[in-house]
Number of protein chains: 2
Amino acid sequence: MSTGSSNIFRQIRESIINGEFHFNERLPSERDLADQFSAARGTIRTALEQLEQANLVRKKFGSGTFVSYNSQFEQEDIAEETSPLELIEARIAIEPHIVRLVISNANNRDIRKLEDALRGVMECQYNPNHFSSADEEFHLLLAHCTQNPLIIWIYQRINDIRSHSQWSHRKNHILTPRKIAAYNQQHKSLMEAIKSRDIEGASKLMEDHLLRAKADLLGNR
Amino acid sequence: MSTGSSNIFRQIRESIINGEFHFNERLPSERDLADQFSAARGTIRTALEQLEQANLVRKKFGSGTFVSYNSQFEQEDIAEETSPLELIEARIAIEPHIVRLVISNANNRDIRKLEDALRGVMECQYNPNHFSSADEEFHLLLAHCTQNPLIIWIYQRINDIRSHSQWSHRKNHILTPRKIAAYNQQHKSLMEAIKSRDIEGASKLMEDHLLRAKADLLGNR
DNA sequence: ATTGTATAGACCATAAATGAACCACTATCT
DNA sequence: AGATAGTGGTTCATTTATGGTCTATACAAT
């Protein structure tokens with residue numbers, strides 16, 4: 001059972017798995033491959049169809065054939081390999097304690113800036129994209145209020161991933177006006193707890209807030 | 001997503017990451033880049049848009065395209081300006097929840113690897129440097145056991161800073177055999193809590209462990 | 001003979017790249 | 001202050017390259 005096309009299939013598969021062709025890179029055109037393998041274009045096409053069936057490759061009409069195989073070694077970008085669920089788990093890990101540090105370290109000017117930012121979030125109930133970026137800004141500002149450069153830096157990376165995450169595709173499904181209103185209410189309670197210097201209360205509110213976001217994420221898959 | 005323009009995207013990205021273009025440096029104009037890559041300006045523009053999307057570059061109307069990539073340069077800065085106290089605060093923020101995730105996600109093989117690593121730490125009671133690096137390894141392994149790539153990545157960065165921190169100068173003063181023995185005892189209790197799947201108990205032990213380390217740090221200034 | 005595969009060529013529909021022109025803004029020089 | 005050159009932002013028609021499809025032919029194995 002060894003036809004010409006399946007030989008070509010095997011050869012290209014090896015090239016992809018060995019990393020000669022990188023993720024998302026365009027393969028040579030069917031006509032070029034036909035030249036390289038001294039085969040007819042139809043033969044190449046059946047080989048490519050097998051590759052597509054094996055999820056190693058995807059074809060784009062009018063554009064080319066692209067590697068869709070993601071080797072473990074070229075996950076150079078942490079943002080690409082972090083799922084929305086994993087992202088929110090990391091936030092659950094760090095943000096409740098961020099709130100503690102905010103209450104310990106923030107001065108009145110910081111608190112005012114937080115309130116300003118929160119007002120900005122509140123105004124975005126009906127636009128998921130605006131809400132999302134205002135929310136990112138608010139949580140990043142919290143990190144800044146810790147005045148801990150390492151935590152600020154870590155949270156900047158988390159925010160990079162938030163804006164890059166696959167989650168953003170589903171944003172419009174998850175962030176209904178109703179959900180946004182709920183989040184805003186949680187933000188408001190959180191802000192009040194921070195202002196009254198209730199460390200454990202605020203931390204718990206942040207944890208609940210994120211657990212709620214996690215539940216929403218899971219419920220809307 | 002992936003076309004000829006993304007080849008140019010890749011090339012410029014590599015140039016930026018490899019430091020051929022420095023932070024805040026202006027890239028050649030779109031027209032110049034078009035000449036260099038023998039491509040049309042539109043093709044360059046789509047490549048630059050992808051770079052902007054990846055936060056590697058920002059465009060200034062009428063002025064140019066500037067590198068906004070925070071290379072290892074910025075990470076060096078973070079290591080420099082993060083004090084040992086701030087480092088341990090960040091660890092207090094994240095590690096108790098890491099322990100929770102470990103208990104939720106780790107399999108038996110992970111647990112065995114943790115026990116092996118812990119034995120390695122135990123053997124270092126009389127050498128602060130060895131204890132320190134074995135301890136780093138143990139805590140990093142905990143992060144790995146979460147199986148969350150983002151958390152692993154964050155903890156790797158924390159570990160980078162641990163080994164880079166000003167704290168290492170004072171290590172020999174702080175890490176007396178007596179202190180090391182105390183830490184080992186805490187590690188042992190932690191490990192037992194993990195093995196018995198006691199999520200909140202283990203998390204609390206980790207928090208106590210780090211709070212103790214923080215107190216030792218403050219007491220030895 | 002039939003079937004399955006490979007070859008060769010032609011044409012189609014689509015997507016991307018091209019090349020040119022123009023606009024709006026910025027920085028610099030006079 | 002004004003002029004000027006250089007920059008990114010935008011649009012357009014056109015060209016090029018790509019995968020998708022179809023036909024006819026040749027060859028080998030069953």
# chains A, B, ... in the order shown; residues from 1 in each chain; ligands from 1

$ closest_atom_pairs --of "chain B" --to "chain A" --cutoff "9 Å" --atoms "only C-alpha atoms" --output "JSON lines"
{"residue": "B:Met1", "atom": "CA", "partner": "A:Asn24", "partner_atom": "CA", "distance": 8.2}
{"residue": "B:Ser2", "atom": "CA", "partner": "A:Asn24", "partner_atom": "CA", "distance": 6.1}
{"residue": "B:Thr3", "atom": "CA", "partner": "A:Arg26", "partner_atom": "CA", "distance": 6.8}
{"residue": "B:Gly4", "atom": "CA", "partner": "A:Arg26", "partner_atom": "CA", "distance": 8.1}
{"residue": "B:Ser6", "atom": "CA", "partner": "A:Glu25", "partner_atom": "CA", "distance": 8.4}
{"residue": "B:Asn7", "atom": "CA", "partner": "A:Glu25", "partner_atom": "CA", "distance": 7.9}
{"residue": "B:Gln53", "atom": "CA", "partner": "A:His164", "partner_atom": "CA", "distance": 8.6}
{"residue": "B:Ala54", "atom": "CA", "partner": "A:His164", "partner_atom": "CA", "distance": 8.2}
{"residue": "B:Asn55", "atom": "CA", "partner": "A:Asp160", "partner_atom": "CA", "distance": 8.4}
{"residue": "B:Gln75", "atom": "CA", "partner": "A:Trp153", "partner_atom": "CA", "distance": 8.7}
{"residue": "B:Ile78", "atom": "CA", "partner": "A:Leu150", "partner_atom": "CA", "distance": 6.4}
{"residue": "B:Ala79", "atom": "CA", "partner": "A:Leu150", "partner_atom": "CA", "distance": 8.0}
{"residue": "B:Glu81", "atom": "CA", "partner": "A:Pro149", "partner_atom": "CA", "distance": 7.2}
{"residue": "B:Thr82", "atom": "CA", "partner": "A:Leu150", "partner_atom": "CA", "distance": 6.1}
{"residue": "B:Ser83", "atom": "CA", "partner": "A:Asn148", "partner_atom": "CA", "distance": 9.0}
{"residue": "B:Glu86", "atom": "CA", "partner": "A:Asn148", "partner_atom": "CA", "distance": 5.9}
{"residue": "B:Leu87", "atom": "CA", "partner": "A:Leu150", "partner_atom": "CA", "distance": 6.9}
{"residue": "B:Glu89", "atom": "CA", "partner": "A:Asn148", "partner_atom": "CA", "distance": 8.3}
{"residue": "B:Ala90", "atom": "CA", "partner": "A:Ile151", "partner_atom": "CA", "distance": 6.0}
{"residue": "B:Ile92", "atom": "CA", "partner": "A:His97", "partner_atom": "CA", "distance": 7.7}
{"residue": "B:Ala93", "atom": "CA", "partner": "A:His97", "partner_atom": "CA", "distance": 4.9}
{"residue": "B:Ile94", "atom": "CA", "partner": "A:Ile94", "partner_atom": "CA", "distance": 5.0}
{"residue": "B:Glu95", "atom": "CA", "partner": "A:Ala93", "partner_atom": "CA", "distance": 7.7}
{"residue": "B:Pro96", "atom": "CA", "partner": "A:Ala93", "partner_atom": "CA", "distance": 7.7}
{"residue": "B:His97", "atom": "CA", "partner": "A:Ala93", "partner_atom": "CA", "distance": 5.0}
{"residue": "B:Ile98", "atom": "CA", "partner": "A:Ala93", "partner_atom": "CA", "distance": 6.9}
{"residue": "B:Leu101", "atom": "CA", "partner": "A:Glu89", "partner_atom": "CA", "distance": 8.6}
{"residue": "B:Asn148", "atom": "CA", "partner": "A:Glu86", "partner_atom": "CA", "distance": 5.9}
{"residue": "B:Pro149", "atom": "CA", "partner": "A:Thr82", "partner_atom": "CA", "distance": 6.3}
{"residue": "B:Leu150", "atom": "CA", "partner": "A:Thr82", "partner_atom": "CA", "distance": 6.0}
{"residue": "B:Ile151", "atom": "CA", "partner": "A:Ala90", "partner_atom": "CA", "distance": 6.0}
{"residue": "B:Trp153", "atom": "CA", "partner": "A:Ile78", "partner_atom": "CA", "distance": 7.5}
{"residue": "B:Ile154", "atom": "CA", "partner": "A:Ile154", "partner_atom": "CA", "distance": 7.0}
{"residue": "B:Arg157", "atom": "CA", "partner": "A:Ile154", "partner_atom": "CA", "distance": 8.7}
{"residue": "B:Ile158", "atom": "CA", "partner": "A:Leu150", "partner_atom": "CA", "distance": 8.4}

$ write_last_selection --atoms "C-alpha atoms" --output "PDB file, in the first residue's frame"
ATOM      1  CA  MET B   1      -3.066  35.509   9.097  1.00  0.00           C
ATOM      2  CA  SER B   2      -0.188  33.913   7.308  1.00  0.00           C
ATOM      3  CA  THR B   3       0.991  35.137   3.965  1.00  0.00           C
ATOM      4  CA  GLY B   4       4.020  36.618   2.348  1.00  0.00           C
ATOM      5  CA  SER B   6       3.978  37.439   7.626  1.00  0.00           C
ATOM      6  CA  ASN B   7       7.380  36.340   6.416  1.00  0.00           C
ATOM      7  CA  GLN B  53      -0.712  43.804  17.302  1.00  0.00           C
ATOM      8  CA  ALA B  54       2.072  41.857  18.985  1.00  0.00           C
ATOM      9  CA  ASN B  55       3.025  44.960  20.960  1.00  0.00           C
ATOM     10  CA  GLN B  75      13.678  42.183  32.760  1.00  0.00           C
ATOM     11  CA  ILE B  78      13.066  44.451  37.073  1.00  0.00           C
ATOM     12  CA  ALA B  79      15.639  42.235  38.698  1.00  0.00           C
ATOM     13  CA  GLU B  81      14.873  47.265  41.165  1.00  0.00           C
ATOM     14  CA  THR B  82      13.099  44.434  42.929  1.00  0.00           C
ATOM     15  CA  SER B  83      14.115  44.215  46.555  1.00  0.00           C
ATOM     16  CA  GLU B  86       9.213  42.816  47.229  1.00  0.00           C
ATOM     17  CA  LEU B  87      10.229  39.483  45.803  1.00  0.00           C
ATOM     18  CA  GLU B  89       5.690  39.625  48.706  1.00  0.00           C
ATOM     19  CA  ALA B  90       5.146  38.460  45.140  1.00  0.00           C
ATOM     20  CA  ILE B  92       3.326  35.253  49.055  1.00  0.00           C
ATOM     21  CA  ALA B  93       0.832  36.402  46.478  1.00  0.00           C
ATOM     22  CA  ILE B  94       1.208  33.469  44.164  1.00  0.00           C
ATOM     23  CA  GLU B  95       2.616  30.411  45.891  1.00  0.00           C
ATOM     24  CA  PRO B  96      -0.217  29.590  48.285  1.00  0.00           C
ATOM     25  CA  HIS B  97      -2.531  29.302  45.319  1.00  0.00           C
ATOM     26  CA  ILE B  98       0.064  27.349  43.385  1.00  0.00           C
ATOM     27  CA  LEU B 101      -3.511  23.997  42.009  1.00  0.00           C
ATOM     28  CA  ASN B 148      -0.467  25.800  33.953  1.00  0.00           C
ATOM     29  CA  PRO B 149       2.014  27.219  31.420  1.00  0.00           C
ATOM     30  CA  LEU B 150       1.413  30.818  32.448  1.00  0.00           C
ATOM     31  CA  ILE B 151       2.038  30.085  36.110  1.00  0.00           C
ATOM     32  CA  TRP B 153       6.366  31.013  33.151  1.00  0.00           C
ATOM     33  CA  ILE B 154       5.669  33.524  35.911  1.00  0.00           C
ATOM     34  CA  ARG B 157      10.697  34.764  36.071  1.00  0.00           C
ATOM     35  CA  ILE B 158      10.432  34.879  39.857  1.00  0.00           C
TER      36      ILE B 158
END

$ interface_residues --of "chain A" --to "chain C" --cutoff "7 Å" --atoms "only C-alpha atoms (C1' of nucleotides)" --output "PyMOL selection string"
chain A and resi 40+43+61-63

$ write_last_selection --atoms "N, CA and C atoms" --output "PDB file, in the first residue's frame"
ATOM      1  N   ALA A  40       3.349  15.018 -10.502  1.00  0.00           N
ATOM      2  CA  ALA A  40       2.309  15.860 -11.067  1.00  0.00           C
ATOM      3  C   ALA A  40       1.601  16.602  -9.946  1.00  0.00           C
ATOM      4  N   THR A  43      -0.837  14.624  -7.858  1.00  0.00           N
ATOM      5  CA  THR A  43      -0.227  13.766  -6.836  1.00  0.00           C
ATOM      6  C   THR A  43       0.068  14.563  -5.572  1.00  0.00           C
ATOM      7  N   PHE A  61      -7.793  28.976   0.226  1.00  0.00           N
ATOM      8  CA  PHE A  61      -8.085  29.247  -1.178  1.00  0.00           C
ATOM      9  C   PHE A  61      -7.469  30.580  -1.597  1.00  0.00           C
ATOM     10  N   GLY A  62      -6.753  30.528  -2.696  1.00  0.00           N
ATOM     11  CA  GLY A  62      -6.190  31.755  -3.248  1.00  0.00           C
ATOM     12  C   GLY A  62      -4.962  32.246  -2.527  1.00  0.00           C
ATOM     13  N   SER A  63      -4.590  31.552  -1.459  1.00  0.00           N
ATOM     14  CA  SER A  63      -3.507  32.071  -0.638  1.00  0.00           C
ATOM     15  C   SER A  63      -2.347  31.090  -0.499  1.00  0.00           C
TER      16      SER A  63
END

$ residues_around --residues "Ser133 in chain B" --least-positions-apart "5" --cutoff "10 Å" --atoms "only C-alpha atoms (C1' of nucleotides)" --output "short mmCIF file (atom, residue, chain, number, x, y, z; two decimals) with N, CA and C atoms, in the first residue's frame"
data_model
loop_
_atom_site.label_atom_id
_atom_site.label_comp_id
_atom_site.auth_asym_id
_atom_site.auth_seq_id
_atom_site.Cartn_x
_atom_site.Cartn_y
_atom_site.Cartn_z
N VAL B 121 16.58 18.92 48.83
CA VAL B 121 16.68 20.12 49.67
C VAL B 121 17.15 19.73 51.07
N CYS B 124 20.82 19.57 52.21
CA CYS B 124 21.68 20.75 52.08
C CYS B 124 21.68 21.62 53.33
N PRO B 128 24.45 27.00 52.61
CA PRO B 128 23.41 27.95 52.19
C PRO B 128 23.23 28.02 50.68
N PHE B 138 12.84 23.17 44.06
CA PHE B 138 11.63 22.57 44.64
C PHE B 138 10.41 23.45 44.37
N HIS B 139 10.55 24.73 44.62
CA HIS B 139 9.41 25.62 44.42
C HIS B 139 9.04 25.74 42.94
N ASN B 159 11.95 33.02 39.76
CA ASN B 159 13.18 32.33 40.10
C ASN B 159 14.41 33.02 39.51
N ARG B 162 15.05 35.58 41.90
CA ARG B 162 15.59 35.03 43.16
C ARG B 162 17.10 34.84 43.06
N SER B 163 17.54 34.26 41.96
CA SER B 163 18.97 33.97 41.85
C SER B 163 19.75 35.23 41.53
#

$ calpha_fit_and_write --fixed "chain B" --moving "chain A" --output "compact mmCIF listing (two decimals) with C-alpha atoms, in the first residue's frame"
# COMPACT_ATOMS: atom_id res chain seq x y z
CA MET A 1 3.65 68.24 9.34
CA SER A 2 3.99 65.20 7.12
CA THR A 3 7.56 64.48 6.22
CA GLY A 4 8.80 61.45 4.38
CA SER A 5 10.35 59.91 7.46
CA SER A 6 7.18 60.15 9.50
CA ASN A 7 5.25 58.41 6.72
CA ILE A 8 7.70 55.57 6.87
CA PHE A 9 7.43 55.63 10.65
CA ARG A 10 3.67 55.23 10.40
CA GLN A 11 3.88 52.42 7.88
CA ILE A 12 6.35 50.39 9.90
CA ARG A 13 4.37 51.06 13.06
CA GLU A 14 1.25 49.64 11.44
CA SER A 15 3.18 46.59 10.28
CA ILE A 16 4.35 45.95 13.82
CA ILE A 17 0.97 46.49 15.45
CA ASN A 18 -0.75 44.34 12.86
CA GLY A 19 1.68 41.57 13.65
CA GLU A 20 3.56 41.46 10.36
CA PHE A 21 6.67 41.71 12.46
CA HIS A 22 6.55 39.58 15.58
CA PHE A 23 7.89 40.29 19.01
CA ASN A 24 11.68 40.08 19.12
CA GLU A 25 11.86 39.60 15.38
CA ARG A 26 14.57 41.46 13.53
CA LEU A 27 13.49 44.13 11.09
CA PRO A 28 15.22 44.30 7.72
CA SER A 29 18.47 46.21 7.90
CA GLU A 30 18.40 49.98 7.48
CA ARG A 31 19.94 49.53 4.05
CA ASP A 32 17.29 47.02 2.99
CA LEU A 33 14.48 49.21 4.29
CA ALA A 34 15.98 52.10 2.34
CA ASP A 35 15.66 50.03 -0.81
CA GLN A 36 12.12 48.88 0.00
CA PHE A 37 10.88 52.40 0.69
CA SER A 38 13.02 53.95 -2.05
CA ALA A 39 14.41 56.31 0.52
CA ALA A 40 17.81 57.21 1.77
CA ARG A 41 19.23 55.38 4.72
CA GLY A 42 19.20 58.55 6.80
CA THR A 43 15.46 58.88 6.29
CA ILE A 44 14.96 55.33 7.45
CA ARG A 45 17.11 56.03 10.46
CA THR A 46 15.01 58.96 11.59
CA ALA A 47 11.88 56.82 11.17
CA LEU A 48 13.47 54.07 13.23
CA GLU A 49 14.47 56.59 15.87
CA GLN A 50 10.82 57.58 16.18
CA LEU A 51 9.86 53.93 16.48
CA GLU A 52 12.45 53.48 19.19
CA GLN A 53 11.13 56.54 21.00
CA ALA A 54 7.66 54.95 20.85
CA ASN A 55 9.08 51.77 22.42
CA LEU A 56 8.03 49.72 19.45
CA VAL A 57 11.56 48.82 18.51
CA ARG A 58 15.00 48.63 20.00
CA LYS A 59 18.29 48.82 18.19
CA LYS A 60 21.31 46.68 18.87
CA PHE A 61 24.64 47.93 17.65
CA GLY A 62 26.21 45.57 15.18
CA SER A 63 23.23 43.29 15.27
CA GLY A 64 20.00 44.81 14.04
CA THR A 65 16.73 46.48 14.92
CA PHE A 66 14.29 44.34 16.89
CA VAL A 67 10.59 44.55 17.58
CA SER A 68 9.97 45.20 21.25
CA TYR A 69 6.21 45.55 20.94
CA ASN A 70 4.36 42.72 22.60
CA SER A 71 0.96 42.27 21.04
CA GLN A 72 -1.74 40.74 23.20
CA PHE A 73 -2.27 37.97 20.71
CA GLU A 74 1.15 36.47 20.69
CA GLN A 75 1.54 35.91 24.39
CA GLU A 76 1.80 32.26 23.55
CA ASP A 77 4.04 31.57 26.46
CA ILE A 78 2.44 31.83 29.86
CA ALA A 79 5.88 32.09 31.38
CA GLU A 80 6.58 35.37 29.63
CA GLU A 81 3.49 37.14 30.78
CA THR A 82 3.59 36.02 34.40
CA SER A 83 5.29 38.41 36.76
CA PRO A 84 7.15 37.20 39.82
CA LEU A 85 4.39 38.66 41.98
CA GLU A 86 1.69 36.83 40.07
CA LEU A 87 3.71 33.66 40.31
CA ILE A 88 3.95 33.88 44.06
CA GLU A 89 0.23 34.64 44.33
CA ALA A 90 -0.49 31.41 42.48
CA ARG A 91 1.83 29.55 44.81
CA ILE A 92 0.07 31.07 47.81
CA ALA A 93 -3.14 29.78 46.33
CA ILE A 94 -2.06 26.21 45.91
CA GLU A 95 0.83 25.27 48.18
CA PRO A 96 -0.82 25.53 51.59
CA HIS A 97 -3.36 22.98 50.47
CA ILE A 98 -0.64 20.87 48.91
CA VAL A 99 0.84 20.58 52.37
CA ARG A 100 -2.50 19.37 53.72
CA LEU A 101 -2.66 16.70 51.04
CA VAL A 102 0.92 15.70 51.70
CA ILE A 103 0.16 14.99 55.34
CA SER A 104 -2.96 13.08 54.37
CA ASN A 105 -1.38 11.00 51.65
CA ALA A 106 2.37 10.73 52.08
CA ASN A 107 3.94 7.51 53.33
CA ASN A 108 7.11 7.18 55.35
CA ARG A 109 9.22 6.76 52.27
CA ASP A 110 7.93 10.07 50.94
CA ILE A 111 8.75 11.75 54.23
CA ARG A 112 12.30 10.44 54.07
CA LYS A 113 12.67 11.77 50.54
CA LEU A 114 11.41 15.14 51.70
CA GLU A 115 13.98 15.19 54.48
CA ASP A 116 16.73 14.30 52.03
CA ALA A 117 15.67 17.07 49.69
CA LEU A 118 15.49 19.51 52.58
CA ARG A 119 19.02 18.61 53.58
CA GLY A 120 20.02 19.44 50.03
CA VAL A 121 18.41 22.87 50.37
CA MET A 122 20.07 23.52 53.70
CA GLU A 123 23.50 23.00 52.18
CA CYS A 124 23.07 25.89 49.75
CA GLN A 125 22.99 28.86 52.05
CA TYR A 126 25.72 30.74 50.23
CA ASN A 127 24.84 30.14 46.62
CA PRO A 128 21.57 31.75 45.47
CA ASN A 129 21.43 29.71 42.28
CA HIS A 130 21.95 26.39 44.00
CA PHE A 131 19.52 27.34 46.76
CA SER A 132 16.94 28.33 44.22
CA SER A 133 17.04 25.09 42.27
CA ALA A 134 17.19 22.99 45.44
CA ASP A 135 14.20 24.91 46.76
CA GLU A 136 12.31 24.31 43.54
CA GLU A 137 13.08 20.64 43.84
CA PHE A 138 11.86 20.51 47.43
CA HIS A 139 8.57 22.20 46.66
CA LEU A 140 8.05 20.03 43.61
CA LEU A 141 8.69 16.98 45.73
CA LEU A 142 5.95 18.18 48.06
CA ALA A 143 3.62 18.26 45.09
CA HIS A 144 4.64 14.72 44.21
CA CYS A 145 3.86 13.61 47.74
CA THR A 146 0.22 14.54 47.24
CA GLN A 147 0.14 11.64 44.76
CA ASN A 148 -2.36 13.71 42.80
CA PRO A 149 -1.27 13.71 39.15
CA LEU A 150 -3.12 16.91 38.34
CA ILE A 151 -1.50 18.79 41.18
CA ILE A 152 1.89 17.40 40.24
CA TRP A 153 1.36 18.53 36.67
CA ILE A 154 0.23 21.99 37.74
CA TYR A 155 3.20 22.37 40.00
CA GLN A 156 5.57 21.28 37.26
CA ARG A 157 4.21 24.15 35.18
CA ILE A 158 4.68 26.52 38.11
CA ASN A 159 8.26 25.32 38.46
CA ASP A 160 8.85 25.84 34.75
CA ILE A 161 7.84 29.43 35.26
CA ARG A 162 9.87 29.79 38.42
CA SER A 163 13.03 28.90 36.55
CA HIS A 164 12.01 31.08 33.64
CA SER A 165 10.64 34.01 35.56
CA GLN A 166 11.99 37.52 35.44
CA TRP A 167 12.59 36.91 39.11
CA SER A 168 15.72 34.97 38.34
CA HIS A 169 17.41 38.20 37.31
CA ARG A 170 16.86 39.67 40.74
CA LYS A 171 17.62 36.44 42.53
CA ASN A 172 21.03 37.53 43.64
CA HIS A 173 19.70 40.73 45.14
CA ILE A 174 16.88 39.07 47.03
CA LEU A 175 18.51 35.84 48.14
CA THR A 176 21.05 37.15 50.57
CA PRO A 177 22.58 34.60 52.95
CA ARG A 178 20.45 36.14 55.69
CA LYS A 179 17.23 35.61 53.72
CA ILE A 180 18.26 32.11 52.77
CA ALA A 181 18.89 31.31 56.42
CA ALA A 182 15.41 32.58 57.27
CA TYR A 183 13.84 30.48 54.52
CA ASN A 184 15.74 27.45 55.71
CA GLN A 185 14.41 27.98 59.22
CA GLN A 186 10.87 28.17 57.82
CA HIS A 187 11.46 25.00 55.82
CA LYS A 188 12.67 23.27 58.94
CA SER A 189 9.59 24.23 60.94
CA LEU A 190 7.41 23.16 58.05
CA MET A 191 9.10 19.79 57.88
CA GLU A 192 8.61 19.24 61.59
CA ALA A 193 4.94 20.09 61.33
CA ILE A 194 4.57 17.66 58.46
CA LYS A 195 6.31 14.90 60.42
CA SER A 196 4.06 15.45 63.40
CA ARG A 197 1.05 15.31 61.08
CA ASP A 198 -0.12 18.78 62.12
CA ILE A 199 -2.22 19.56 59.06
CA GLU A 200 -3.37 23.08 59.84
CA GLY A 201 -0.10 24.06 61.45
CA ALA A 202 1.91 22.93 58.44
CA SER A 203 -0.46 24.60 56.04
CA LYS A 204 -0.19 27.85 57.95
CA LEU A 205 3.59 27.62 58.01
CA MET A 206 3.64 27.19 54.25
CA GLU A 207 1.37 30.18 53.84
CA ASP A 208 3.58 32.28 56.10
CA HIS A 209 6.64 31.10 54.20
CA LEU A 210 5.19 32.24 50.90
CA LEU A 211 3.82 35.48 52.31
CA ARG A 212 7.29 36.19 53.56
CA ALA A 213 8.74 35.49 50.12
CA LYS A 214 6.13 37.83 48.64
CA ALA A 215 7.06 40.56 51.09
CA ASP A 216 10.73 40.11 50.27
CA LEU A 217 9.91 40.36 46.60
CA LEU A 218 7.99 43.57 47.07
CA GLY A 219 10.60 45.02 49.38
CA ASN A 220 13.39 44.50 46.89
CA ARG A 221 11.90 45.93 43.74

$ closest_residue --among "D:DT30, D:DT4, D:DT18, D:DT23" --to "chain B" --atoms "only C-alpha atoms (C1' of nucleotides)"
D:DT18

$ interface_residues --of "chain D" --to "chain B" --cutoff "12 Å" --atoms "only C-alpha atoms (C1' of nucleotides)" --output "count of residues only"
9

$ select_by_dssp --residues "chain B" --states "helix (DSSP H, G or I)" --output "PyMOL selection string"
chain B and resi 4-17+30-36+41-53+72-81+84-105+108-122+128-145+149-164+167-174+177-195+199-219
